[in-house]
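Engineer: My questions will all concern the structure given below.
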Amino acid sequence: MITDIAIIGGGASGLTAAIAAKEADRAAKVTIVEKLPRTGKKIIASGNGKCNLSNLKLSEHNYHGSVNAVDIIEKMPDYTSFFTDYLGVLCVSGSEGREGGIYPRSNSSNTIVNAMRMKIEELGIEEICGCEVKDIICEKDGFTLICNDENIRCKRLIIAAGGYAAPTFGTDGGVMRILKNMGYKTAKICPAVAPLRISPDRLKGLKGVRVKGEISAVSCERILRTERGEMQFNDNNISGICVFNLAYLFSEFEGKLSLKADLLPDMPWNELKSYLENIRKSRGNLSIEELLTGIFVKNLAVYIVKNSIDRPMTDKISTLKNNEISAVANCIKSLEFEVCGCSPWQNAQSTMGGIHSSCVDKNLQSRLHKGMYLCGEILDTAGDCGGYNLQWAWSSGMLAGGSCGKSLKGAGK
Ligand SMILES: Cc1cc2nc3c(=O)[nH]c(=O)nc-3n(C[C@H](O)[C@H](O)[C@H](O)COP(=O)(O)OP(=O)(O)OC[C@H]3O[C@@H](n4cnc5c(N)ncnc54)[C@H](O)[C@@H]3O)c2cc1C
């Protein structure tokens with residue numbers, strides 16, 4: 001099978017790259033090669049089926065890795081130009097109280113995928129689904145993709161095969177391994193936008209507890225990043241968007257990373273101590289197990305007291321000494337958990353690490369193989385939770401696809 005431009009991967013970046021390539025060279029034959037039976041499956045699952053496709057508040061702070069994602073995003077058309085003006089999808093911001101997040105007005109990710117699929121059909125872009133690329137051979141005048149059934153020859157190649165996160169959506173890092181064998185440098189990989197693992201012993205009694213607060217990633221007493229939001233305690237991990245946004249730090253600080261939670265960030269320590277001293281007066285007859293039941297759900301309230309005071313829980317609150325009250329306040333303001341691992345890939349939404357920025361030029365063309373372009377999650381950038389990863393996928397897809405189409409047109413085929 002022969003085509004002009006082949007795209008490996010029919011996800012967010014691959015579909016966008018295909019559209020941009022065809023728009024740049026209407027005469028080119030553009031073919032998407034997708035391993036799964038249909039394209040766009042991960043987009044459908046995104047944002048709990050609602051597709052948080054971008055974010056109004058976007059800065060360098062939201063991207064991690066060697067690729068300068070913001071620089072590329074800012075150069076490309078924004079979500080209104082692409083989704084509303086070009087694809088006809090009405091978008092809104094702030095759905096579900098997620099400040100800054102952009103969603104389709106329909107509140108359904110299917111709206112996005114359908115609009116993209118219709119554009120792909122209208123432009124005459126070919127899709128070969130159920131076709132896994134197993135290897136890439138570089139030829140003098142293009143590339144041969146070794147696939148599970150037939151091989152595909154192309155003049156230009158766009159790699160949009162994603163990373164390792166959520167392998168049920170076709171992304172098991174297979175193409176990243178092929179590129180590594182071809183000499184591409186990769187940055188250290190770990191799950192991003194994912195829960196962080198904590199020893200089950202340390203979480204005993206907390207399973208199912210959700211609490212709003214402030215959580216910091218800490219290494220050797222240095223605060224690396226602080227997030228606010230709801231954390232959720234599970235058997236062997238802590239999750240919640242605020243934790244998801246710290247997960248990428250595991251790759252750099254593995255073995256020396258902790259999470260420190262402030263469960264009452266709006267109450268200064270002194271105020272909290274006075275509040276607890278007042279409880280000692282007003283609820284003095286109750287057992288110390290009840291000390292915090294006016295502030296937190298029971299399991300969390302008991303957990304904090306047990307972790308800060310070493311005496312029978314049946315003792316009376318009135319018997320608490322000042323240093324014990326201080327210990328409880330300390331625990332509430334800085335409850336620390338050592339991170340013992342990252343979550344499995346199936347629980348991750350993105351990949352920290354990937355093909356290093358030094359392997360591509362400003363148009364996302366490979367520096368190692370002319371005519372090959374890379375976009376999306378396979379490159380070394382991971383965005384925060386909140387629309388940042390999809391925004392990178394669309395923007396990098398537009399750039400890689402557009403540059404690829406232009407270069408083919410410029411070469412006069
Ligand atoms: C459950 C979930 C929810 C998410 N929600 C959001 C959200 O709301 N907002 C947000 O910004 N981000 C979200 N993300 C992250 C975001 O979806 C991804 O970062 C983005 O889809 C990456 O796009 P991509 O095109 O680079 O890769 P992918 O979307 O992963 O697409 C890669 C495609 O390549 C195909 N492929 C892989 N290997 C081969 C091969 N060898 N041969 C042929 N095809 C191959 C795969 O089957 C896949 O279809 C979510 C992720 C998950 C898992």
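By order in the structure tokens, chains are A, B, ...; within a chain, residues start at 1; ligands start at 1, following the order shown.
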Name the residues in contact with segment 244-257 of chain A at a cut-off of 6 Å, using only C-alpha atoms, excluding same-chain residues fewer than 3 positions from it; report them as a list in words.

Structural biologist: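 Skipping anything fewer than 3 positions along the chain leaves Cys190, Ala192, Val193, Ala194, Pro195, Val218, Ser219, Ile241, Val339, Met352 and Asp384 of chain A.
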
Engineer: Would you save the residues from that selection as a compact mmCIF listing (two decimals), in the first residue's frame, using N, CA, C and O atoms?

Structural biologist:
```txt
# COMPACT_ATOMS: atom_id res chain seq x y z
N CYS A 190 7.53 8.28 33.37
CA CYS A 190 6.70 7.82 34.50
C CYS A 190 5.27 8.31 34.27
O CYS A 190 5.05 9.23 33.50
N ALA A 192 1.98 10.34 34.47
CA ALA A 192 1.62 11.71 34.90
C ALA A 192 0.10 11.79 34.92
O ALA A 192 -0.58 10.95 34.34
N VAL A 193 -0.42 12.83 35.57
CA VAL A 193 -1.86 12.95 35.80
C VAL A 193 -2.36 11.60 36.32
O VAL A 193 -3.15 10.89 35.68
N ALA A 194 -1.87 11.25 37.49
CA ALA A 194 -2.12 9.92 38.05
C ALA A 194 -2.04 9.98 39.57
O ALA A 194 -1.42 10.91 40.12
N PRO A 195 -2.61 8.97 40.26
CA PRO A 195 -2.46 8.93 41.71
C PRO A 195 -1.01 8.64 42.09
O PRO A 195 -0.23 8.19 41.25
N VAL A 218 7.05 17.31 48.36
CA VAL A 218 8.21 17.75 49.12
C VAL A 218 9.36 16.78 48.91
O VAL A 218 9.13 15.56 48.87
N SER A 219 10.56 17.29 48.73
CA SER A 219 11.73 16.42 48.64
C SER A 219 12.85 17.04 49.48
O SER A 219 13.18 18.21 49.28
N ILE A 241 -7.43 15.51 41.67
CA ILE A 241 -6.72 16.33 40.68
C ILE A 241 -5.48 17.00 41.27
O ILE A 241 -4.43 17.08 40.63
N VAL A 339 6.01 8.93 49.46
CA VAL A 339 5.54 8.33 48.20
C VAL A 339 6.41 7.11 47.91
O VAL A 339 7.64 7.20 47.85
N MET A 352 4.79 11.28 31.57
CA MET A 352 5.91 12.19 31.80
C MET A 352 7.11 11.59 31.09
O MET A 352 7.40 10.41 31.25
N ASP A 384 -0.59 19.49 32.87
CA ASP A 384 -1.40 19.27 34.07
C ASP A 384 -2.78 18.76 33.68
O ASP A 384 -3.18 18.83 32.51
```

Engineer: Tell me, which residues of segment 93-274 of chain A carry DSSP alpha helix (DSSP H), written as a ChimeraX atom specification?

Structural biologist: /A:109-123,174-181,241-244,250-253,269-274

Engineer: Using only C-alpha atoms, which residues sit within 10 Å of Leu300 of chain A once same-chain residues fewer than 5 positions away are excluded, as a VMD selection string?

Structural biologist: chain A and resid 205 to 211 233 292 to 293 295 305 to 306

Engineer: Would you compute the distance between atom CA of Ile325 of chain A and atom CA of Pro265 of chain A? Give it in Å to one decimal.

Structural biologist: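 For atom CA of Ile325 of chain A relative to atom CA of Pro265 of chain A, the distance reads 17.8 Å.
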
Engineer: Considering only C-alpha atoms and all ligand atoms, can you say which of A:Val67, A:Cys242, A:Leu374, A:Ala393 comes closest to ligand 1?

Structural biologist: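 Of A:Val67, A:Cys242, A:Leu374, A:Ala393, the one nearest ligand 1 is A:Ala393, counting only C-alpha atoms and all ligand atoms.
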
Engineer: Between A:Gly88, A:Pro344, A:Gly101, A:Gly412, which one has atoms that come closest to ligand 1, using only C-alpha atoms and all ligand atoms?

Structural biologist: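 Of A:Gly88, A:Pro344, A:Gly101, A:Gly412, the one nearest ligand 1 is A:Gly101, counting only C-alpha atoms and all ligand atoms.
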
Engineer: Looking at only C-alpha atoms, which of A:Gly9, A:Gly410, A:Gly371, A:Gly130 is the one that sits closest to Lys155 of chain A?

Structural biologist: A:Gly371

Engineer: Would you mind reading off the distance between atom CA of Ala160 of chain A and atom CA of Tyr373 of chain A, one decimal, in Å?

Structural biologist: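 Distance between the two atoms: 8.6 Å.
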
Engineer: Find the residues near Met1 of chain A: any atom within 9 Å, counting only C-alpha atoms, skip ones fewer than 3 places away on the same chain, and give them as a PyMOL selection string.

Structural biologist: chain A and resi 150-154

Engineer: Of the residues A:Lys409, A:Met372, A:Asn278, A:Asn237, which is the one nearest to Cys342 of chain A, using only C-alpha atoms?

Structural biologist: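 Once distances to Cys342 of chain A are computed over only C-alpha atoms, the minimum belongs to A:Asn237.
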
Engineer: Identify all residues of segment 75-261 of chain A in strand (DSSP E) (DSSP on the backbone) and supply them as an mmCIF file with N, CA and C atoms, in the first residue's frame.

Structural biologist:
```
data_model
loop_
_atom_site.group_PDB
_atom_site.id
_atom_site.type_symbol
_atom_site.label_atom_id
_atom_site.label_comp_id
_atom_site.auth_asym_id
_atom_site.auth_seq_id
_atom_site.Cartn_x
_atom_site.Cartn_y
_atom_site.Cartn_z
ATOM 1 N N CYS A 91 -18.045 25.826 22.048
ATOM 2 C CA CYS A 91 -17.345 25.456 23.289
ATOM 3 C C CYS A 91 -17.703 26.422 24.404
ATOM 4 N N VAL A 92 -17.627 25.939 25.639
ATOM 5 C CA VAL A 92 -17.880 26.814 26.800
ATOM 6 C C VAL A 92 -16.762 26.610 27.808
ATOM 7 N N SER A 93 -16.617 27.588 28.705
ATOM 8 C CA SER A 93 -15.582 27.414 29.740
ATOM 9 C C SER A 93 -16.242 27.225 31.094
ATOM 10 N N GLY A 101 -11.402 25.558 32.527
ATOM 11 C CA GLY A 101 -11.486 24.418 31.603
ATOM 12 C C GLY A 101 -12.443 24.694 30.452
ATOM 13 N N ILE A 102 -12.056 24.269 29.239
ATOM 14 C CA ILE A 102 -12.918 24.458 28.060
ATOM 15 C C ILE A 102 -13.515 23.101 27.680
ATOM 16 N N TYR A 103 -14.814 23.099 27.440
ATOM 17 C CA TYR A 103 -15.547 21.867 27.083
ATOM 18 C C TYR A 103 -16.428 22.148 25.873
ATOM 19 N N PRO A 104 -16.822 21.088 25.147
ATOM 20 C CA PRO A 104 -17.846 21.329 24.123
ATOM 21 C C PRO A 104 -19.162 21.697 24.820
ATOM 22 N N GLU A 126 -7.794 9.041 4.330
ATOM 23 C CA GLU A 126 -8.072 7.607 4.466
ATOM 24 C C GLU A 126 -7.751 7.155 5.898
ATOM 25 N N GLU A 127 -8.555 6.220 6.409
ATOM 26 C CA GLU A 127 -8.258 5.645 7.729
ATOM 27 C C GLU A 127 -8.073 4.144 7.567
ATOM 28 N N ILE A 128 -6.966 3.611 8.073
ATOM 29 C CA ILE A 128 -6.811 2.151 8.114
ATOM 30 C C ILE A 128 -6.803 1.774 9.592
ATOM 31 N N CYS A 129 -7.899 1.205 10.059
ATOM 32 C CA CYS A 129 -7.997 0.861 11.481
ATOM 33 C C CYS A 129 -7.696 -0.624 11.688
ATOM 34 N N VAL A 133 1.398 -0.719 13.631
ATOM 35 C CA VAL A 133 2.742 -0.548 13.048
ATOM 36 C C VAL A 133 3.742 -1.215 13.999
ATOM 37 N N LYS A 134 4.491 -2.179 13.442
ATOM 38 C CA LYS A 134 5.433 -2.953 14.284
ATOM 39 C C LYS A 134 6.863 -2.454 14.142
ATOM 40 N N ASP A 135 7.141 -1.811 12.987
ATOM 41 C CA ASP A 135 8.499 -1.285 12.791
ATOM 42 C C ASP A 135 8.467 -0.208 11.703
ATOM 43 N N ILE A 136 9.508 0.610 11.693
ATOM 44 C CA ILE A 136 9.614 1.681 10.682
ATOM 45 C C ILE A 136 10.957 1.522 9.978
ATOM 46 N N ILE A 137 10.916 1.412 8.659
ATOM 47 C CA ILE A 137 12.165 1.307 7.891
ATOM 48 C C ILE A 137 12.342 2.636 7.135
ATOM 49 N N CYS A 138 13.509 3.244 7.300
ATOM 50 C CA CYS A 138 13.773 4.500 6.589
ATOM 51 C C CYS A 138 14.373 4.174 5.223
ATOM 52 N N GLU A 139 13.735 4.690 4.166
ATOM 53 C CA GLU A 139 14.212 4.458 2.797
ATOM 54 C C GLU A 139 14.815 5.761 2.282
ATOM 55 N N GLY A 142 11.613 7.998 1.506
ATOM 56 C CA GLY A 142 10.437 7.896 2.366
ATOM 57 C C GLY A 142 10.602 6.827 3.438
ATOM 58 N N PHE A 143 9.481 6.197 3.773
ATOM 59 C CA PHE A 143 9.496 5.235 4.888
ATOM 60 C C PHE A 143 8.611 4.035 4.531
ATOM 61 N N THR A 144 8.962 2.889 5.097
ATOM 62 C CA THR A 144 8.061 1.741 5.008
ATOM 63 C C THR A 144 7.632 1.374 6.422
ATOM 64 N N LEU A 145 6.324 1.282 6.598
ATOM 65 C CA LEU A 145 5.797 0.883 7.903
ATOM 66 C C LEU A 145 5.522 -0.611 7.851
ATOM 67 N N ILE A 146 6.137 -1.335 8.744
ATOM 68 C CA ILE A 146 5.900 -2.783 8.817
ATOM 69 C C ILE A 146 4.700 -2.984 9.748
ATOM 70 N N CYS A 147 3.624 -3.490 9.176
ATOM 71 C CA CYS A 147 2.382 -3.595 9.952
ATOM 72 C C CYS A 147 2.005 -5.052 10.169
ATOM 73 N N ILE A 152 3.108 -0.515 4.585
ATOM 74 C CA ILE A 152 2.668 0.753 3.982
ATOM 75 C C ILE A 152 3.899 1.586 3.646
ATOM 76 N N ARG A 153 3.944 2.060 2.417
ATOM 77 C CA ARG A 153 5.052 2.949 2.018
ATOM 78 C C ARG A 153 4.534 4.388 1.980
ATOM 79 N N CYS A 154 5.352 5.318 2.465
ATOM 80 C CA CYS A 154 4.912 6.720 2.428
ATOM 81 C C CYS A 154 6.109 7.631 2.150
ATOM 82 N N LYS A 155 5.771 8.821 1.611
ATOM 83 C CA LYS A 155 6.846 9.790 1.358
ATOM 84 C C LYS A 155 7.167 10.581 2.623
ATOM 85 N N ARG A 156 6.125 10.853 3.390
ATOM 86 C CA ARG A 156 6.294 11.591 4.644
ATOM 87 C C ARG A 156 5.592 10.790 5.736
ATOM 88 N N LEU A 157 6.118 10.952 6.965
ATOM 89 C CA LEU A 157 5.553 10.182 8.085
ATOM 90 C C LEU A 157 5.318 11.097 9.290
ATOM 91 N N ILE A 158 4.138 10.969 9.881
ATOM 92 C CA ILE A 158 3.860 11.716 11.120
ATOM 93 C C ILE A 158 3.624 10.684 12.229
ATOM 94 N N ILE A 159 4.375 10.833 13.305
ATOM 95 C CA ILE A 159 4.229 9.877 14.409
ATOM 96 C C ILE A 159 3.402 10.519 15.503
ATOM 97 N N THR A 186 15.346 9.484 24.676
ATOM 98 C CA THR A 186 14.088 9.641 25.438
ATOM 99 C C THR A 186 14.401 10.150 26.840
ATOM 100 N N ALA A 187 13.490 10.978 27.350
ATOM 101 C CA ALA A 187 13.613 11.436 28.738
ATOM 102 C C ALA A 187 12.939 10.389 29.619
ATOM 103 N N LYS A 188 13.380 10.290 30.859
ATOM 104 C CA LYS A 188 12.864 9.275 31.800
ATOM 105 C C LYS A 188 11.330 9.319 31.861
ATOM 106 N N ILE A 189 10.756 8.129 31.840
ATOM 107 C CA ILE A 189 9.300 8.030 31.707
ATOM 108 C C ILE A 189 8.638 7.640 33.032
ATOM 109 N N CYS A 190 7.527 8.283 33.370
ATOM 110 C CA CYS A 190 6.701 7.815 34.496
ATOM 111 C C CYS A 190 5.267 8.314 34.274
ATOM 112 N N PRO A 191 4.290 7.671 34.925
ATOM 113 C CA PRO A 191 2.904 8.115 34.741
ATOM 114 C C PRO A 191 2.701 9.543 35.239
ATOM 115 N N ALA A 192 1.983 10.343 34.467
ATOM 116 C CA ALA A 192 1.616 11.710 34.896
ATOM 117 C C ALA A 192 0.099 11.793 34.921
ATOM 118 N N LEU A 196 -0.649 8.884 43.353
ATOM 119 C CA LEU A 196 0.695 8.528 43.835
ATOM 120 C C LEU A 196 0.558 7.446 44.903
ATOM 121 N N ARG A 197 1.447 6.459 44.843
ATOM 122 C CA ARG A 197 1.332 5.309 45.745
ATOM 123 C C ARG A 197 1.950 5.596 47.113
ATOM 124 N N ILE A 198 1.227 5.145 48.128
ATOM 125 C CA ILE A 198 1.650 5.309 49.518
ATOM 126 C C ILE A 198 1.531 3.920 50.145
ATOM 127 N N ARG A 210 -12.460 11.569 51.590
ATOM 128 C CA ARG A 210 -12.177 12.690 50.676
ATOM 129 C C ARG A 210 -12.127 13.946 51.514
ATOM 130 N N VAL A 211 -11.135 14.774 51.282
ATOM 131 C CA VAL A 211 -11.057 16.016 52.051
ATOM 132 C C VAL A 211 -10.446 17.115 51.186
ATOM 133 N N LYS A 212 -10.982 18.323 51.343
ATOM 134 C CA LYS A 212 -10.424 19.455 50.589
ATOM 135 C C LYS A 212 -9.283 20.056 51.386
ATOM 136 N N GLY A 213 -8.252 20.469 50.722
ATOM 137 C CA GLY A 213 -7.119 21.059 51.421
ATOM 138 C C GLY A 213 -6.040 21.476 50.454
ATOM 139 N N GLU A 214 -4.837 21.574 51.012
ATOM 140 C CA GLU A 214 -3.682 21.969 50.207
ATOM 141 C C GLU A 214 -2.690 20.823 50.293
ATOM 142 N N ILE A 215 -2.106 20.446 49.181
ATOM 143 C CA ILE A 215 -1.159 19.334 49.236
ATOM 144 C C ILE A 215 0.114 19.733 48.489
ATOM 145 N N SER A 216 1.247 19.424 49.119
ATOM 146 C CA SER A 216 2.531 19.806 48.512
ATOM 147 C C SER A 216 3.360 18.567 48.249
ATOM 148 N N ALA A 217 4.112 18.612 47.153
ATOM 149 C CA ALA A 217 5.140 17.596 46.913
ATOM 150 C C ALA A 217 6.412 18.138 47.543
ATOM 151 N N VAL A 218 7.048 17.308 48.361
ATOM 152 C CA VAL A 218 8.215 17.753 49.122
ATOM 153 C C VAL A 218 9.358 16.777 48.907
ATOM 154 N N SER A 219 10.556 17.287 48.733
ATOM 155 C CA SER A 219 11.726 16.419 48.645
ATOM 156 C C SER A 219 12.845 17.042 49.477
ATOM 157 N N ARG A 222 12.321 20.379 50.827
ATOM 158 C CA ARG A 222 12.078 21.467 49.869
ATOM 159 C C ARG A 222 10.695 21.271 49.255
ATOM 160 N N ILE A 223 9.865 22.325 49.300
ATOM 161 C CA ILE A 223 8.535 22.220 48.679
ATOM 162 C C ILE A 223 8.708 22.409 47.177
ATOM 163 N N LEU A 224 8.284 21.399 46.415
ATOM 164 C CA LEU A 224 8.476 21.447 44.963
ATOM 165 C C LEU A 224 7.283 22.100 44.277
ATOM 166 N N ARG A 225 6.102 21.786 44.784
ATOM 167 C CA ARG A 225 4.891 22.354 44.169
ATOM 168 C C ARG A 225 3.720 22.152 45.133
ATOM 169 N N THR A 226 2.823 23.125 45.192
ATOM 170 C CA THR A 226 1.653 23.029 46.075
ATOM 171 C C THR A 226 0.381 23.189 45.259
ATOM 172 N N GLU A 227 -0.589 22.344 45.542
ATOM 173 C CA GLU A 227 -1.871 22.386 44.833
ATOM 174 C C GLU A 227 -3.000 22.407 45.851
ATOM 175 N N ARG A 228 -4.121 22.986 45.451
ATOM 176 C CA ARG A 228 -5.317 22.968 46.307
ATOM 177 C C ARG A 228 -6.389 22.132 45.664
ATOM 178 N N GLY A 229 -7.207 21.477 46.455
ATOM 179 C CA GLY A 229 -8.310 20.720 45.888
ATOM 180 C C GLY A 229 -8.695 19.575 46.799
ATOM 181 N N GLU A 230 -9.460 18.646 46.244
ATOM 182 C CA GLU A 230 -9.932 17.521 47.040
ATOM 183 C C GLU A 230 -9.001 16.333 46.855
ATOM 184 N N MET A 231 -8.464 15.817 47.968
ATOM 185 C CA MET A 231 -7.661 14.598 47.875
ATOM 186 C C MET A 231 -8.518 13.422 48.304
ATOM 187 N N GLN A 232 -8.247 12.289 47.698
ATOM 188 C CA GLN A 232 -9.003 11.089 48.043
ATOM 189 C C GLN A 232 -8.036 9.999 48.465
ATOM 190 N N PHE A 233 -8.321 9.397 49.625
ATOM 191 C CA PHE A 233 -7.434 8.353 50.151
ATOM 192 C C PHE A 233 -7.979 6.987 49.752
ATOM 193 N N ASN A 237 -3.005 4.347 47.585
ATOM 194 C CA ASN A 237 -2.603 5.588 46.910
ATOM 195 C C ASN A 237 -3.463 6.759 47.364
ATOM 196 N N ILE A 238 -3.008 7.944 47.016
ATOM 197 C CA ILE A 238 -3.838 9.150 47.198
ATOM 198 C C ILE A 238 -4.103 9.698 45.794
ATOM 199 N N SER A 239 -5.366 10.008 45.530
ATOM 200 C CA SER A 239 -5.715 10.524 44.205
ATOM 201 C C SER A 239 -6.426 11.870 44.352
ATOM 202 N N SER A 258 7.794 13.104 49.073
ATOM 203 C CA SER A 258 6.691 12.962 50.043
ATOM 204 C C SER A 258 5.561 13.894 49.660
ATOM 205 N N LEU A 259 4.388 13.574 50.177
ATOM 206 C CA LEU A 259 3.248 14.486 50.045
ATOM 207 C C LEU A 259 2.958 15.051 51.431
ATOM 208 N N LYS A 260 2.810 16.355 51.505
ATOM 209 C CA LYS A 260 2.498 16.975 52.794
ATOM 210 C C LYS A 260 1.167 17.702 52.647
ATOM 211 N N ALA A 261 0.172 17.273 53.457
ATOM 212 C CA ALA A 261 -1.165 17.863 53.317
ATOM 213 C C ALA A 261 -1.452 18.836 54.453
#
```

Engineer: Ser403 of chain A: which residues within 10 Å, counting only C-alpha atoms, same-chain residues fewer than 6 positions away excluded, as an MDAnalysis selection string?

Structural biologist: chainID A and resid 17 20:21 24 362:365 371 373 397 409

Engineer: Suppose we keep C-alpha atoms; can you now write the selection as an mmCIF file, in the first residue's frame?

Structural biologist:
```
data_model
loop_
_atom_site.group_PDB
_atom_site.id
_atom_site.type_symbol
_atom_site.label_atom_id
_atom_site.label_comp_id
_atom_site.auth_asym_id
_atom_site.auth_seq_id
_atom_site.Cartn_x
_atom_site.Cartn_y
_atom_site.Cartn_z
ATOM 1 C CA ALA A 17 -2.241 16.337 12.103
ATOM 2 C CA ALA A 20 -3.667 20.021 8.931
ATOM 3 C CA ALA A 21 -1.558 18.004 6.461
ATOM 4 C CA ALA A 24 -1.686 22.228 3.558
ATOM 5 C CA LYS A 362 10.857 24.027 15.586
ATOM 6 C CA ASN A 363 8.367 22.525 13.120
ATOM 7 C CA LEU A 364 8.429 19.180 14.956
ATOM 8 C CA GLN A 365 10.327 17.553 12.099
ATOM 9 C CA GLY A 371 10.422 13.836 6.318
ATOM 10 C CA TYR A 373 7.374 14.510 12.114
ATOM 11 C CA GLY A 397 -0.766 17.946 15.629
ATOM 12 C CA LYS A 409 3.778 20.383 -1.542
#
```

Engineer: Would you mind listing what lies within 7 Å of Gly40 of chain A as number ranges by chain, with only C-alpha atoms counted and same-chain residues fewer than 3 positions away left out?

Structural biologist: A: 10-12, 43-44, 113

Engineer: Using atom CA of Arg202 of chain A and atom CA of Phe337 of chain A as the two end points, give the distance in Å to one decimal.

Structural biologist: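 Answer for the atom CA of Arg202 of chain A to atom CA of Phe337 of chain A separation: 7.4 Å.
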
Engineer: Counting only C-alpha atoms and all ligand atoms, which residue out of A:Glu336, A:Asp4, A:Glu221, A:Asp149 sits closest to ligand 1?

Structural biologist: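 Among the listed residues, A:Asp149 lies closest to ligand 1.
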
Engineer: Considering only C-alpha atoms and all ligand atoms, state which residue in the set A:Tyr303, A:Tyr86, A:Tyr63, A:Tyr275 is at the smallest distance from ligand 1.

Structural biologist: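 Residue with the minimum atom-to-atom distance to ligand 1: A:Tyr63.
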